[in-house]
file target.cif (mmCIF, C-alpha atoms and all ligand atoms)
data_query
loop_
_atom_site.group_PDB
_atom_site.id
_atom_site.type_symbol
_atom_site.label_atom_id
_atom_site.label_comp_id
_atom_site.auth_asym_id
_atom_site.auth_seq_id
_atom_site.Cartn_x
_atom_site.Cartn_y
_atom_site.Cartn_z
ATOM 1 C CA MET C 25 1.982 -35.950 43.591
ATOM 2 C CA THR C 26 3.168 -36.032 40.000
ATOM 3 C CA MET C 27 6.486 -34.535 39.087
ATOM 4 C CA HIS C 28 6.559 -31.985 36.300
ATOM 5 C CA SER C 29 9.567 -31.867 34.104
ATOM 6 C CA SER C 30 11.402 -28.574 34.328
ATOM 7 C CA ILE C 31 12.866 -28.907 30.857
ATOM 8 C CA PRO C 32 11.275 -26.241 28.647
ATOM 9 C CA PRO C 33 9.892 -27.283 25.284
ATOM 10 C CA VAL C 34 12.150 -26.758 22.326
ATOM 11 C CA ILE C 35 10.707 -24.060 20.094
ATOM 12 C CA GLU C 36 12.331 -23.626 16.742
ATOM 13 C CA ALA C 37 13.492 -20.113 15.964
ATOM 14 C CA PRO C 38 11.509 -18.423 13.176
ATOM 15 C CA ARG C 39 13.196 -18.490 9.829
ATOM 16 C CA SER C 40 15.621 -15.602 9.838
ATOM 17 C CA ALA C 41 18.302 -14.551 7.434
ATOM 18 C CA PRO C 42 21.546 -15.116 9.325
ATOM 19 C CA ASN C 43 23.676 -14.744 6.228
ATOM 20 C CA ARG C 44 22.142 -11.598 4.874
ATOM 21 C CA PRO C 45 24.282 -8.541 5.621
ATOM 22 C CA ARG C 46 22.955 -6.189 8.298
ATOM 23 C CA ARG C 47 22.385 -2.931 6.515
ATOM 24 C CA GLY C 48 23.699 -0.206 8.778
ATOM 25 C CA ARG C 49 22.162 0.974 12.001
ATOM 26 C CA THR C 50 19.121 2.776 10.694
ATOM 27 C CA ASN C 51 15.511 2.665 11.830
ATOM 28 C CA THR C 52 14.079 2.036 8.349
ATOM 29 C CA GLU C 53 12.002 -0.961 9.437
ATOM 30 C CA LEU C 54 10.619 0.954 12.413
ATOM 31 C CA TYR C 55 9.480 3.768 10.121
ATOM 32 C CA ALA C 56 8.057 1.248 7.656
ATOM 33 C CA TRP C 57 6.121 -0.387 10.522
ATOM 34 C CA LEU C 58 4.820 3.021 11.655
ATOM 35 C CA PHE C 59 3.939 4.002 8.082
ATOM 36 C CA MET C 60 1.728 0.889 7.728
ATOM 37 C CA ARG C 61 -0.263 1.929 10.820
ATOM 38 C CA VAL C 62 -0.567 5.607 9.935
ATOM 39 C CA SER C 63 -1.358 5.045 6.246
ATOM 40 C CA GLY C 64 -3.840 2.320 7.253
ATOM 41 C CA VAL C 65 -5.798 4.724 9.457
ATOM 42 C CA VAL C 66 -5.802 7.450 6.773
ATOM 43 C CA LEU C 67 -6.827 4.901 4.125
ATOM 44 C CA VAL C 68 -9.869 3.878 6.171
ATOM 45 C CA VAL C 69 -11.196 7.440 5.801
ATOM 46 C CA LEU C 70 -10.124 7.919 2.176
ATOM 47 C CA VAL C 71 -11.250 4.512 0.875
ATOM 48 C CA LEU C 72 -14.516 4.223 2.815
ATOM 49 C CA GLY C 73 -15.344 7.838 1.885
ATOM 50 C CA HIS C 74 -14.544 7.067 -1.740
ATOM 51 C CA LEU C 75 -16.697 3.911 -1.732
ATOM 52 C CA PHE C 76 -19.599 5.758 -0.108
ATOM 53 C CA ILE C 77 -19.473 8.722 -2.489
ATOM 54 C CA MET C 78 -19.036 6.623 -5.637
ATOM 55 C CA ASN C 79 -21.384 3.734 -4.879
ATOM 56 C CA VAL C 80 -24.012 4.867 -2.375
ATOM 57 C CA LEU C 81 -24.590 8.617 -2.523
ATOM 58 C CA ASP C 82 -27.212 10.013 -4.919
ATOM 59 C CA GLY C 83 -27.505 7.495 -7.754
ATOM 60 C CA GLY C 84 -24.368 5.569 -6.858
ATOM 61 C CA VAL C 85 -22.319 3.958 -9.585
ATOM 62 C CA GLN C 86 -25.041 4.565 -12.221
ATOM 63 C CA ARG C 87 -24.215 8.271 -12.379
ATOM 64 C CA ILE C 88 -20.486 7.861 -12.921
ATOM 65 C CA ASN C 89 -19.425 8.880 -16.405
ATOM 66 C CA TRP C 90 -16.950 11.211 -18.110
ATOM 67 C CA GLY C 91 -18.842 14.309 -16.982
ATOM 68 C CA PHE C 92 -18.947 13.142 -13.384
ATOM 69 C CA VAL C 93 -15.195 12.551 -13.314
ATOM 70 C CA ALA C 94 -14.556 15.868 -15.064
ATOM 71 C CA GLY C 95 -16.683 17.671 -12.477
ATOM 72 C CA ARG C 96 -14.914 16.056 -9.551
ATOM 73 C CA TRP C 97 -11.413 16.666 -10.825
ATOM 74 C CA ALA C 98 -12.209 20.306 -11.480
ATOM 75 C CA SER C 99 -11.893 20.662 -7.721
ATOM 76 C CA PRO C 100 -8.448 20.653 -6.095
ATOM 77 C CA PHE C 101 -10.029 19.005 -3.044
ATOM 78 C CA TRP C 102 -10.954 15.821 -4.940
ATOM 79 C CA GLN C 103 -7.684 15.912 -6.869
ATOM 80 C CA VAL C 104 -5.786 15.855 -3.584
ATOM 81 C CA TRP C 105 -8.139 13.206 -2.144
ATOM 82 C CA ASP C 106 -7.579 10.902 -5.115
ATOM 83 C CA LEU C 107 -3.854 11.654 -5.203
ATOM 84 C CA LEU C 108 -3.462 10.815 -1.499
ATOM 85 C CA MET C 109 -5.525 7.659 -1.915
ATOM 86 C CA LEU C 110 -3.400 6.595 -4.893
ATOM 87 C CA TRP C 111 -0.063 7.253 -3.207
ATOM 88 C CA LEU C 112 -0.963 5.854 0.191
ATOM 89 C CA ALA C 113 -2.649 2.702 -1.157
ATOM 90 C CA MET C 114 0.256 2.042 -3.521
ATOM 91 C CA LEU C 115 2.986 2.650 -0.949
ATOM 92 C CA HIS C 116 1.073 0.764 1.764
ATOM 93 C CA GLY C 117 0.379 -2.189 -0.528
ATOM 94 C CA THR C 118 3.926 -2.191 -1.881
ATOM 95 C CA ASN C 119 5.478 -2.080 1.559
ATOM 96 C CA GLY C 120 3.136 -4.868 2.661
ATOM 97 C CA LEU C 121 4.176 -7.012 -0.308
ATOM 98 C CA ARG C 122 7.839 -6.194 0.375
ATOM 99 C CA THR C 123 7.329 -7.740 3.813
ATOM 100 C CA VAL C 124 5.617 -10.782 2.326
ATOM 101 C CA ILE C 125 8.468 -11.219 -0.175
ATOM 102 C CA ASN C 126 11.093 -10.880 2.568
ATOM 103 C CA ASP C 127 9.238 -13.421 4.699
ATOM 104 C CA TYR C 128 8.705 -16.074 2.071
ATOM 105 C CA THR C 129 11.492 -16.063 -0.509
ATOM 106 C CA ARG C 130 14.387 -18.399 0.119
ATOM 107 C CA ARG C 131 16.736 -17.569 -2.737
ATOM 108 C CA ASP C 132 18.397 -14.171 -3.150
ATOM 109 C CA GLY C 133 17.691 -14.240 -6.883
ATOM 110 C CA THR C 134 13.988 -14.858 -6.372
ATOM 111 C CA ARG C 135 13.784 -12.055 -3.814
ATOM 112 C CA LEU C 136 15.523 -9.616 -6.149
ATOM 113 C CA ALA C 137 13.370 -10.614 -9.121
ATOM 114 C CA LEU C 138 10.086 -10.268 -7.218
ATOM 115 C CA LYS C 139 11.051 -6.909 -5.739
ATOM 116 C CA THR C 140 12.141 -5.635 -9.138
ATOM 117 C CA VAL C 141 8.724 -6.507 -10.585
ATOM 118 C CA LEU C 142 6.970 -5.008 -7.545
ATOM 119 C CA TYR C 143 8.868 -1.704 -7.538
ATOM 120 C CA THR C 144 8.586 -1.344 -11.321
ATOM 121 C CA ALA C 145 4.818 -1.862 -11.231
ATOM 122 C CA THR C 146 4.480 0.550 -8.307
ATOM 123 C CA THR C 147 6.534 3.272 -9.986
ATOM 124 C CA ILE C 148 4.606 3.028 -13.263
ATOM 125 C CA THR C 149 1.219 3.019 -11.506
ATOM 126 C CA ILE C 150 2.009 5.988 -9.243
ATOM 127 C CA LEU C 151 3.499 8.058 -12.085
ATOM 128 C CA LEU C 152 0.685 7.247 -14.518
ATOM 129 C CA GLY C 153 -2.048 7.867 -11.931
ATOM 130 C CA THR C 154 -0.528 11.150 -10.821
ATOM 131 C CA LEU C 155 -0.170 12.247 -14.433
ATOM 132 C CA VAL C 156 -3.824 11.453 -15.160
ATOM 133 C CA ILE C 157 -5.120 13.310 -12.093
ATOM 134 C CA PHE C 158 -3.249 16.488 -13.039
ATOM 135 C CA THR C 159 -3.463 16.424 -16.830
ATOM 136 C CA PHE C 160 -7.050 15.183 -17.230
ATOM 137 C CA ASP C 161 -8.643 17.270 -19.957
ATOM 138 C CA PRO C 162 -12.461 17.414 -19.716
ATOM 139 C CA THR C 163 -12.747 18.795 -23.269
ATOM 140 C CA LEU C 164 -11.284 15.665 -24.898
ATOM 141 C CA HIS C 165 -14.575 13.767 -24.790
ATOM 142 C CA SER C 166 -16.408 13.891 -28.103
HETATM 143 C C1 LIG N 201 -8.534 0.264 4.548
HETATM 144 C C2 LIG N 201 -7.548 0.600 5.319
HETATM 145 C C3 LIG N 201 -6.345 -0.283 5.610
HETATM 146 C C4 LIG N 201 -5.879 -0.550 6.863
HETATM 147 C C5 LIG N 201 -6.450 -0.072 8.191
HETATM 148 C C6 LIG N 201 -4.710 -1.386 6.705
HETATM 149 C C7 LIG N 201 -3.909 -1.801 7.764
HETATM 150 C C8 LIG N 201 -2.785 -2.591 7.627
HETATM 151 C C9 LIG N 201 -1.814 -2.872 8.657
HETATM 152 C C10 LIG N 201 -1.855 -2.341 10.088
HETATM 153 C C11 LIG N 201 -0.894 -3.701 8.130
HETATM 154 C C12 LIG N 201 0.357 -4.254 8.819
HETATM 155 C C13 LIG N 201 0.128 -5.666 9.280
HETATM 156 C C14 LIG N 201 1.381 -6.216 9.933
HETATM 157 O O1 LIG N 201 2.440 -5.546 9.945
HETATM 158 O O2 LIG N 201 1.327 -7.349 10.435
HETATM 159 C C15 LIG N 201 -1.261 -3.967 6.775
HETATM 160 C C16 LIG N 201 -0.600 -4.802 5.925
HETATM 161 C C17 LIG N 201 -0.841 -4.909 4.569
HETATM 162 N N1 LIG N 201 -1.750 -4.168 3.841
HETATM 163 FE FE1 LIG N 201 -3.103 -2.911 4.621
HETATM 164 N N2 LIG N 201 -4.511 -1.637 5.379
HETATM 165 C C18 LIG N 201 -5.487 -0.977 4.664
HETATM 166 C C19 LIG N 201 -5.610 -0.924 3.291
HETATM 167 C C20 LIG N 201 -4.810 -1.629 2.394
HETATM 168 C C21 LIG N 201 -4.865 -1.493 0.959
HETATM 169 C C22 LIG N 201 -5.793 -0.522 0.192
HETATM 170 C C23 LIG N 201 -3.952 -2.385 0.459
HETATM 171 C C24 LIG N 201 -3.598 -2.666 -0.994
HETATM 172 C C25 LIG N 201 -3.327 -1.702 -1.840
HETATM 173 C C26 LIG N 201 -3.335 -3.058 1.561
HETATM 174 C C27 LIG N 201 -2.358 -4.029 1.457
HETATM 175 C C28 LIG N 201 -1.651 -4.562 2.515
HETATM 176 C C29 LIG N 201 -0.639 -5.616 2.406
HETATM 177 C C30 LIG N 201 -0.203 -6.331 1.122
HETATM 178 C C31 LIG N 201 -0.156 -5.835 3.704
HETATM 179 C C32 LIG N 201 0.910 -6.843 4.132
HETATM 180 C C33 LIG N 201 0.226 -8.082 4.645
HETATM 181 C C34 LIG N 201 1.170 -8.959 5.441
HETATM 182 O O3 LIG N 201 2.181 -8.468 5.972
HETATM 183 O O4 LIG N 201 0.846 -10.154 5.577
HETATM 184 N N3 LIG N 201 -3.868 -2.574 2.731
HETATM 185 N N4 LIG N 201 -2.415 -3.274 6.467
#

call {"tool": "encode", "arguments": {"input": "target.cif", "output": "structure tokens", "more": "lines below"}}
Ligand code: HEM
result
Amino acid sequence: MTMHSSIPPVIEAPRSAPNRPRRGRTNTELYAWLFMRVSGVVLVVLVLGHLFIMNVLDGGVQRINWGFVAGRWASPFWQVWDLLMLWLAMLHGTNGLRTVINDYTRRDGTRLALKTVLYTATTITILLGTLVIFTFDPTLHS
């Protein structure tokens, strides 16, 4: 009979941030984790619906022009659909990238710089997109 060693293998701990200050006793990361799941499920409906309507349904992408957009955004239903899709995709993608940045950056300065770029881009895109959805003027087209 062969003897098996009872010494467990040494598994290195994943890279953690032992020196980074623990920020209070809040459940922010739990809510962020939950948000990724909930927004993901909602995005499946919004994005697949969007793709189907824009690219498959009667005429597909060929029929999309100024008039088509004007017609859609005349309805509060599609305004809210597009607004939700914009906000959820942006916040979901941004939170996902925040995780990637936290996982992979080694230097504090790099982490801060990348997050600054990320949050700036997110803020501009959400504000601009929201503005366009609600201020779109169908009469502007010549
Ligand atoms: C179509 C519906 C979608 C579903 C069901 C979905 C689902 C998920 C889930 C559950 C996670 C968390 C993974 C984890 O914590 O390990 C995740 C991560 C992520 N998602 Fe989505 N997502 C969707 C759409 C999107 C969109 C539209 C974007 C971009 C705007 C996006 C960008 C990301 C990024 C960057 C991550 C982080 C990846 C990582 O941690 O390695 N997702 N997604």

call {"tool": "closest_atom_pairs", "arguments": {"input": "target.cif", "of": "chain C", "to": "ligand LIG 201 (chain N)", "cutoff": "12 Å", "atoms": "only C-alpha atoms and all ligand atoms", "output": "JSON lines"}}
result
{"residue": "C:Glu53", "atom": "CA", "partner": "N:LIG201", "partner_atom": "O1", "distance": 10.6}
{"residue": "C:Leu54", "atom": "CA", "partner": "N:LIG201", "partner_atom": "O1", "distance": 10.7}
{"residue": "C:Tyr55", "atom": "CA", "partner": "N:LIG201", "partner_atom": "O1", "distance": 11.7}
{"residue": "C:Ala56", "atom": "CA", "partner": "N:LIG201", "partner_atom": "O1", "distance": 9.1}
{"residue": "C:Trp57", "atom": "CA", "partner": "N:LIG201", "partner_atom": "O1", "distance": 6.4}
{"residue": "C:Leu58", "atom": "CA", "partner": "N:LIG201", "partner_atom": "C10", "distance": 8.7}
{"residue": "C:Phe59", "atom": "CA", "partner": "N:LIG201", "partner_atom": "C10", "distance": 8.8}
{"residue": "C:Met60", "atom": "CA", "partner": "N:LIG201", "partner_atom": "C9", "distance": 5.2}
{"residue": "C:Arg61", "atom": "CA", "partner": "N:LIG201", "partner_atom": "C10", "distance": 4.6}
{"residue": "C:Val62", "atom": "CA", "partner": "N:LIG201", "partner_atom": "C10", "distance": 8.1}
{"residue": "C:Ser63", "atom": "CA", "partner": "N:LIG201", "partner_atom": "C4", "distance": 7.2}
{"residue": "C:Gly64", "atom": "CA", "partner": "N:LIG201", "partner_atom": "C4", "distance": 3.5}
{"residue": "C:Val65", "atom": "CA", "partner": "N:LIG201", "partner_atom": "C5", "distance": 5.0}
{"residue": "C:Val66", "atom": "CA", "partner": "N:LIG201", "partner_atom": "C2", "distance": 7.2}
{"residue": "C:Leu67", "atom": "CA", "partner": "N:LIG201", "partner_atom": "C2", "distance": 4.5}
{"residue": "C:Val68", "atom": "CA", "partner": "N:LIG201", "partner_atom": "C2", "distance": 4.1}
{"residue": "C:Val69", "atom": "CA", "partner": "N:LIG201", "partner_atom": "C1", "distance": 7.8}
{"residue": "C:Leu70", "atom": "CA", "partner": "N:LIG201", "partner_atom": "C1", "distance": 8.2}
{"residue": "C:Val71", "atom": "CA", "partner": "N:LIG201", "partner_atom": "C1", "distance": 6.2}
{"residue": "C:Leu72", "atom": "CA", "partner": "N:LIG201", "partner_atom": "C1", "distance": 7.4}
{"residue": "C:Gly73", "atom": "CA", "partner": "N:LIG201", "partner_atom": "C1", "distance": 10.5}
{"residue": "C:His74", "atom": "CA", "partner": "N:LIG201", "partner_atom": "C1", "distance": 11.0}
{"residue": "C:Leu75", "atom": "CA", "partner": "N:LIG201", "partner_atom": "C1", "distance": 10.9}
{"residue": "C:Leu108", "atom": "CA", "partner": "N:LIG201", "partner_atom": "C22", "distance": 11.7}
{"residue": "C:Met109", "atom": "CA", "partner": "N:LIG201", "partner_atom": "C22", "distance": 8.5}
{"residue": "C:Leu110", "atom": "CA", "partner": "N:LIG201", "partner_atom": "C25", "distance": 8.8}
{"residue": "C:Trp111", "atom": "CA", "partner": "N:LIG201", "partner_atom": "C25", "distance": 9.6}
{"residue": "C:Leu112", "atom": "CA", "partner": "N:LIG201", "partner_atom": "C22", "distance": 8.0}
{"residue": "C:Ala113", "atom": "CA", "partner": "N:LIG201", "partner_atom": "C25", "distance": 4.5}
{"residue": "C:Met114", "atom": "CA", "partner": "N:LIG201", "partner_atom": "C25", "distance": 5.4}
{"residue": "C:Leu115", "atom": "CA", "partner": "N:LIG201", "partner_atom": "C25", "distance": 7.7}
{"residue": "C:His116", "atom": "CA", "partner": "N:LIG201", "partner_atom": "C26", "distance": 5.8}
{"residue": "C:Gly117", "atom": "CA", "partner": "N:LIG201", "partner_atom": "C27", "distance": 3.8}
{"residue": "C:Thr118", "atom": "CA", "partner": "N:LIG201", "partner_atom": "C30", "distance": 6.6}
{"residue": "C:Asn119", "atom": "CA", "partner": "N:LIG201", "partner_atom": "C32", "distance": 7.1}
{"residue": "C:Gly120", "atom": "CA", "partner": "N:LIG201", "partner_atom": "C32", "distance": 3.3}
{"residue": "C:Leu121", "atom": "CA", "partner": "N:LIG201", "partner_atom": "C30", "distance": 4.7}
{"residue": "C:Arg122", "atom": "CA", "partner": "N:LIG201", "partner_atom": "C32", "distance": 7.9}
{"residue": "C:Thr123", "atom": "CA", "partner": "N:LIG201", "partner_atom": "O3", "distance": 5.6}
{"residue": "C:Val124", "atom": "CA", "partner": "N:LIG201", "partner_atom": "O3", "distance": 5.5}
{"residue": "C:Ile125", "atom": "CA", "partner": "N:LIG201", "partner_atom": "O3", "distance": 9.2}
{"residue": "C:Asn126", "atom": "CA", "partner": "N:LIG201", "partner_atom": "O3", "distance": 9.8}
{"residue": "C:Asp127", "atom": "CA", "partner": "N:LIG201", "partner_atom": "O3", "distance": 8.7}
{"residue": "C:Tyr128", "atom": "CA", "partner": "N:LIG201", "partner_atom": "O4", "distance": 10.4}
{"residue": "C:Leu142", "atom": "CA", "partner": "N:LIG201", "partner_atom": "C30", "distance": 11.3}
{"residue": "C:Thr146", "atom": "CA", "partner": "N:LIG201", "partner_atom": "C25", "distance": 10.4}
{"residue": "C:Thr149", "atom": "CA", "partner": "N:LIG201", "partner_atom": "C25", "distance": 11.7}
{"residue": "C:Ile150", "atom": "CA", "partner": "N:LIG201", "partner_atom": "C25", "distance": 11.9}

call {"tool": "axis_aligned_box", "arguments": {"input": "target.cif", "around": "stretch 49-66 of chain C", "padding_each_side": "3 Å", "output": "AutoDock Vina command-line options"}}
result
--center_x 8.2 --center_y 3.2 --center_z 9.3 --size_x 34.0 --size_y 14.4 --size_z 12.2

call {"tool": "atom_distance", "arguments": {"input": "target.cif", "atom1": "atom CA of C:Gly95", "atom2": "atom CA of C:Phe158"}}
result
13.5 Å

call {"tool": "resolve_selection", "arguments": {"input": "target.cif", "expression": "the PyMOL selection byres (((chain C and resi 161) around 12) and not hetatm)", "output": "JSON list (two decimals) with C-alpha atoms, in the frame of the given file"}}
result
[["chain", "number", "residue", "atom", "x", "y", "z"],
["C", 90, "TRP", "CA", -16.95, 11.21, -18.11],
["C", 91, "GLY", "CA", -18.84, 14.31, -16.98],
["C", 93, "VAL", "CA", -15.20, 12.55, -13.31],
["C", 94, "ALA", "CA", -14.56, 15.87, -15.06],
["C", 95, "GLY", "CA", -16.68, 17.67, -12.48],
["C", 97, "TRP", "CA", -11.41, 16.67, -10.82],
["C", 98, "ALA", "CA", -12.21, 20.31, -11.48],
["C", 155, "LEU", "CA", -0.17, 12.25, -14.43],
["C", 156, "VAL", "CA", -3.82, 11.45, -15.16],
["C", 157, "ILE", "CA", -5.12, 13.31, -12.09],
["C", 158, "PHE", "CA", -3.25, 16.49, -13.04],
["C", 159, "THR", "CA", -3.46, 16.42, -16.83],
["C", 160, "PHE", "CA", -7.05, 15.18, -17.23],
["C", 162, "PRO", "CA", -12.46, 17.41, -19.72],
["C", 163, "THR", "CA", -12.75, 18.80, -23.27],
["C", 164, "LEU", "CA", -11.28, 15.66, -24.90],
["C", 165, "HIS", "CA", -14.58, 13.77, -24.79],
["C", 166, "SER", "CA", -16.41, 13.89, -28.10]]

call {"tool": "atom_distance", "arguments": {"input": "target.cif", "atom1": "atom CA of C:Gln103", "atom2": "atom CA of C:Thr144"}}
result
24.1 Å

call {"tool": "atom_distance", "arguments": {"input": "target.cif", "atom1": "atom CA of C:Ile88", "atom2": "atom CA of C:Leu151"}}
result
24.0 Å
